[in-house]
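Peer 1: My questions all concern the structure below.
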Amino acid sequence: MTLLNDCTARFLMCRPEHFAVSYTINPWMNPKRWARDAGAHAAAEREWTALHRKLVELGAVVELVPPAAGLPDLVFTANAAFVLDRQALLARFRHPQRQREEAHFEAAFRALQARGLIDAVRKLPEGLVLEGAGDCVWDGRRNLFWMGYGPRSDAAAACAVEDAFAREVVALELADERFYHMDTALAPLPGGEVMYLPSAFTAAGNAAIRERVAPQARIEIAIEDGRRFAANAVGLGETLIMSGCGRRLRAELDERGYDVVSTPLSSFLRSGGSAFCLTLRLDRRSVPLAKAHNVAAA
Ligand code: ARG
């Protein structure tokens, strides 16, 4: 398997100091159950630390957003923005509970810019909602974005992403409220496969995926793995980090040359998020279009 060069992977994360399930904006969140569980916060700290340690062990650099009281979902940095070619497009959130994170994330991106880690920080046009890499996932092999829309992001945001990055966007409508962000149901893998949960997408969405991804590159996951958030994986070289993975899926990924590392993130599943949601890649690069066309023509 030929892999993209992931040796300088850089992620953005946020310590779960103020993480809690304190409101309900997706079907996984149950604040009462969270409040009854005295050990919940400590478990979240342990799980996050293990994920962070794993990324560092694999050679990634992790930048940190300062945690903030009253912003329990700030840990889900995938929703902060989308970053490609050193340009950040800041997110705008659907729900008021998370809109309060916007200014905080903006300050974090300005700080990254001041340190020279990115070149520009952009905003979406007024009135458009798009929850960052939660719904906008870069496929380095196909040089395009997969964008989920419906529960959290507007279909019309696809044009804004195309304008901002001058790269193609394939917009997919989401069909299951449990998989309300596309990153909970689809992951382009470093070797060019697309791992996804077909039932999370409409018929048109499934057709768009099949049109772009050859049968041998499709890894359709079962609902049991969907519920474990197996598609919410972080790919780094041949390593795939995820919270949980069923035996069949693990065998298939293994056969394709991946090393599946499961690191339990059940505290975050209680908020509707897992490994990919807790990280945001800052160093993704697209292929210049002229070069991409030559490759396609070759
Ligand atoms: N509780 C958060 C929310 O509902 C979880 C976000 C998960 N993030 C993700 N990228 N899927 O917004």
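Labels for the structure tokens follow display order: chains A, B, ..., residues from 1 in each chain, ligands from 1.
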Name each residue within 9 Å of ligand 1, counting only C-alpha atoms and all ligand atoms, as a ChimeraX atom specification.

Peer 2: /A:21,23-29,72-80,93-95,97-98,131-135,152,179-184,232,268-279

Peer 1: I need the alpha helix (DSSP H) residues of region 58-288 of chain A per DSSP on the backbone, written as a VMD selection string.

Peer 2: chain A and resid 96 to 99 102 to 114 157 to 165 203 to 212 223 to 227 247 to 255 266 to 269

Peer 1: Based on the selection just made, write N, CA and C atoms of those residues as a compact mmCIF listing (two decimals), in the first residue's frame.

Peer 2:
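Heads up, here's the output in part_14.txt:
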```txt
# COMPACT_ATOMS: atom_id res chain seq x y z
N PRO A 96 -27.24 27.12 19.57
CA PRO A 96 -26.71 28.19 20.42
C PRO A 96 -25.70 27.68 21.45
N GLN A 97 -25.92 26.45 21.94
CA GLN A 97 -25.00 25.90 22.96
C GLN A 97 -23.57 25.86 22.45
N ARG A 98 -23.42 25.64 21.15
CA ARG A 98 -22.06 25.55 20.61
C ARG A 98 -21.61 26.84 19.91
N GLN A 99 -22.57 27.72 19.60
CA GLN A 99 -22.18 28.99 18.97
C GLN A 99 -21.23 29.77 19.89
N GLU A 102 -17.51 29.74 19.11
CA GLU A 102 -16.95 30.32 17.88
C GLU A 102 -15.84 31.33 18.15
N ALA A 103 -16.08 32.26 19.10
CA ALA A 103 -15.09 33.31 19.36
C ALA A 103 -13.81 32.70 19.94
N HIS A 104 -14.01 31.68 20.77
CA HIS A 104 -12.88 31.03 21.40
C HIS A 104 -12.00 30.33 20.35
N PHE A 105 -12.63 29.62 19.43
CA PHE A 105 -11.87 28.95 18.37
C PHE A 105 -11.22 29.98 17.44
N GLU A 106 -11.93 31.07 17.19
CA GLU A 106 -11.34 32.09 16.32
C GLU A 106 -10.03 32.60 16.93
N ALA A 107 -10.08 32.87 18.23
CA ALA A 107 -8.86 33.36 18.90
C ALA A 107 -7.74 32.31 18.79
N ALA A 108 -8.11 31.04 18.92
CA ALA A 108 -7.09 29.98 18.84
C ALA A 108 -6.45 29.95 17.45
N PHE A 109 -7.28 30.15 16.41
CA PHE A 109 -6.72 30.14 15.05
C PHE A 109 -5.89 31.37 14.76
N ARG A 110 -6.29 32.52 15.33
CA ARG A 110 -5.47 33.72 15.16
C ARG A 110 -4.11 33.48 15.82
N ALA A 111 -4.11 32.80 16.95
CA ALA A 111 -2.84 32.51 17.64
C ALA A 111 -1.97 31.58 16.78
N LEU A 112 -2.61 30.59 16.13
CA LEU A 112 -1.84 29.69 15.26
C LEU A 112 -1.25 30.47 14.09
N GLN A 113 -2.05 31.43 13.60
CA GLN A 113 -1.57 32.25 12.48
C GLN A 113 -0.38 33.11 12.93
N ALA A 114 -0.50 33.68 14.13
CA ALA A 114 0.58 34.52 14.64
C ALA A 114 1.87 33.70 14.80
N ALA A 157 -23.47 25.35 2.04
CA ALA A 157 -22.09 25.61 2.46
C ALA A 157 -21.10 24.98 1.49
N ALA A 158 -21.55 24.00 0.69
CA ALA A 158 -20.64 23.34 -0.27
C ALA A 158 -20.01 24.38 -1.20
N CYS A 159 -20.80 25.35 -1.65
CA CYS A 159 -20.25 26.37 -2.56
C CYS A 159 -19.22 27.23 -1.85
N ALA A 160 -19.48 27.52 -0.57
CA ALA A 160 -18.53 28.35 0.19
C ALA A 160 -17.20 27.61 0.35
N VAL A 161 -17.28 26.30 0.55
CA VAL A 161 -16.04 25.52 0.71
C VAL A 161 -15.30 25.48 -0.63
N GLU A 162 -16.05 25.29 -1.71
CA GLU A 162 -15.43 25.28 -3.04
C GLU A 162 -14.75 26.63 -3.31
N ASP A 163 -15.43 27.72 -2.96
CA ASP A 163 -14.84 29.05 -3.17
C ASP A 163 -13.60 29.24 -2.32
N ALA A 164 -13.66 28.81 -1.07
CA ALA A 164 -12.54 29.06 -0.15
C ALA A 164 -11.30 28.28 -0.54
N PHE A 165 -11.47 27.05 -1.01
CA PHE A 165 -10.29 26.19 -1.22
C PHE A 165 -10.04 25.82 -2.68
N ALA A 203 -30.20 7.68 -0.37
CA ALA A 203 -29.91 6.91 -1.58
C ALA A 203 -29.02 7.72 -2.53
N ALA A 204 -29.30 9.02 -2.63
CA ALA A 204 -28.48 9.86 -3.52
C ALA A 204 -27.05 9.96 -2.99
N GLY A 205 -26.93 10.05 -1.67
CA GLY A 205 -25.60 10.10 -1.05
C GLY A 205 -24.82 8.83 -1.33
N ASN A 206 -25.49 7.69 -1.16
CA ASN A 206 -24.83 6.41 -1.43
C ASN A 206 -24.40 6.31 -2.89
N ALA A 207 -25.26 6.81 -3.78
CA ALA A 207 -24.92 6.75 -5.21
C ALA A 207 -23.68 7.61 -5.48
N ALA A 208 -23.61 8.78 -4.84
CA ALA A 208 -22.46 9.67 -5.06
C ALA A 208 -21.17 9.03 -4.55
N ILE A 209 -21.27 8.30 -3.44
CA ILE A 209 -20.08 7.62 -2.90
C ILE A 209 -19.65 6.51 -3.88
N ARG A 210 -20.63 5.72 -4.33
CA ARG A 210 -20.29 4.60 -5.22
C ARG A 210 -19.71 5.09 -6.55
N GLU A 211 -20.19 6.26 -6.97
CA GLU A 211 -19.69 6.82 -8.23
C GLU A 211 -18.20 7.21 -8.13
N ARG A 212 -17.80 7.64 -6.92
CA ARG A 212 -16.43 8.14 -6.76
C ARG A 212 -15.45 7.09 -6.26
N ILE A 223 -23.85 -1.63 11.17
CA ILE A 223 -24.39 -0.68 12.15
C ILE A 223 -23.75 -0.85 13.54
N GLU A 224 -23.36 -2.09 13.91
CA GLU A 224 -22.73 -2.29 15.23
C GLU A 224 -21.44 -1.48 15.30
N ASP A 225 -20.66 -1.49 14.22
CA ASP A 225 -19.43 -0.70 14.22
C ASP A 225 -19.75 0.79 14.10
N GLY A 226 -20.84 1.09 13.39
CA GLY A 226 -21.28 2.49 13.33
C GLY A 226 -21.55 3.02 14.73
N ARG A 227 -22.26 2.21 15.51
CA ARG A 227 -22.61 2.64 16.88
C ARG A 227 -21.40 2.74 17.80
N ARG A 247 -14.79 -7.48 15.39
CA ARG A 247 -13.78 -8.44 14.92
C ARG A 247 -13.69 -8.47 13.39
N ARG A 248 -14.86 -8.46 12.74
CA ARG A 248 -14.86 -8.55 11.26
C ARG A 248 -14.19 -7.36 10.61
N LEU A 249 -14.54 -6.17 11.11
CA LEU A 249 -13.97 -4.95 10.54
C LEU A 249 -12.45 -4.92 10.79
N ARG A 250 -12.07 -5.32 11.99
CA ARG A 250 -10.65 -5.32 12.32
C ARG A 250 -9.89 -6.25 11.36
N ALA A 251 -10.48 -7.42 11.09
CA ALA A 251 -9.82 -8.38 10.19
C ALA A 251 -9.70 -7.79 8.78
N GLU A 252 -10.77 -7.11 8.34
CA GLU A 252 -10.72 -6.53 7.00
C GLU A 252 -9.65 -5.43 6.91
N LEU A 253 -9.59 -4.59 7.94
CA LEU A 253 -8.62 -3.49 7.92
C LEU A 253 -7.20 -4.06 8.01
N ASP A 254 -7.08 -5.10 8.80
CA ASP A 254 -5.80 -5.77 8.96
C ASP A 254 -5.31 -6.32 7.62
N GLU A 255 -6.23 -6.95 6.93
CA GLU A 255 -5.91 -7.54 5.63
C GLU A 255 -5.48 -6.47 4.63
N SER A 266 -15.23 5.95 25.42
CA SER A 266 -16.67 5.85 25.68
C SER A 266 -17.25 7.09 26.36
N SER A 267 -16.43 7.81 27.13
CA SER A 267 -16.94 9.04 27.77
C SER A 267 -17.36 10.05 26.72
N PHE A 268 -16.65 10.06 25.60
CA PHE A 268 -16.95 11.04 24.56
C PHE A 268 -18.08 10.53 23.65
N LEU A 269 -18.20 9.20 23.55
CA LEU A 269 -19.34 8.65 22.83
C LEU A 269 -20.64 9.09 23.51
```

Peer 1: Could you check which of A:Arg115, A:Arg284, A:Arg141, A:Arg46 is closest to Ala88 (chain A), using only C-alpha atoms?

Peer 2: A:Arg284

Peer 1: Separation of CA of Phe145 (chain A) and CA of Arg167 (chain A), in Å?

Peer 2: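 Separating CA of Phe145 (chain A) from CA of Arg167 (chain A) is a distance of 7.4 Å.
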
Peer 1: What gap, in Å, lies between CA of Arg228 (chain A) and CA of Val261 (chain A)?

Peer 2: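 If I compute the distance from CA of Arg228 (chain A) to CA of Val261 (chain A), I get 13.9 Å.
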
Peer 1: Closest to Met242 (chain A) among A:Pro264, A:Gly59, A:Gly39, A:Gly191, using only C-alpha atoms?

Peer 2: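 Result for the nearest residue to Met242 (chain A): A:Pro264.
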
Peer 1: Could you give me, as a PyMOL selection string, each residue of region 28-184 of chain A that DSSP assigns to strand (DSSP E) when run on this structure's backbone?

Peer 2: chain A and resi 61-64+81-84+87-90+120-122+136-139+144-149+168-173

Peer 1: Can you tell me how far CA of Arg36 (chain A) sits from CA of Phe19 (chain A), in Å to one decimal?

Peer 2: 15.1 Å

Peer 1: Using only C-alpha atoms, which of the listed residues (A:Ala9, A:Ile221, A:Leu71, A:Ala43) sits closest to Ser22 (chain A)?

Peer 2: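 Nearest candidate to Ser22 (chain A) out of A:Ala9, A:Ile221, A:Leu71, A:Ala43: A:Leu71.
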
Peer 1: With only C-alpha atoms as the atoms that count, which of A:Val121, A:Ala20, A:Ala40, A:Ile219 lies nearest to Phe82 (chain A)?

Peer 2: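 Between A:Val121, A:Ala20, A:Ala40, A:Ile219, the residue approaching Phe82 (chain A) most closely is A:Val121.
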
Peer 1: From the list A:Arg92, A:Lys32, A:Arg10, A:His18, which residue is nearest His52 (chain A) when using only C-alpha atoms?

Peer 2: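 Closest to His52 (chain A) of all the choices is A:Arg10.
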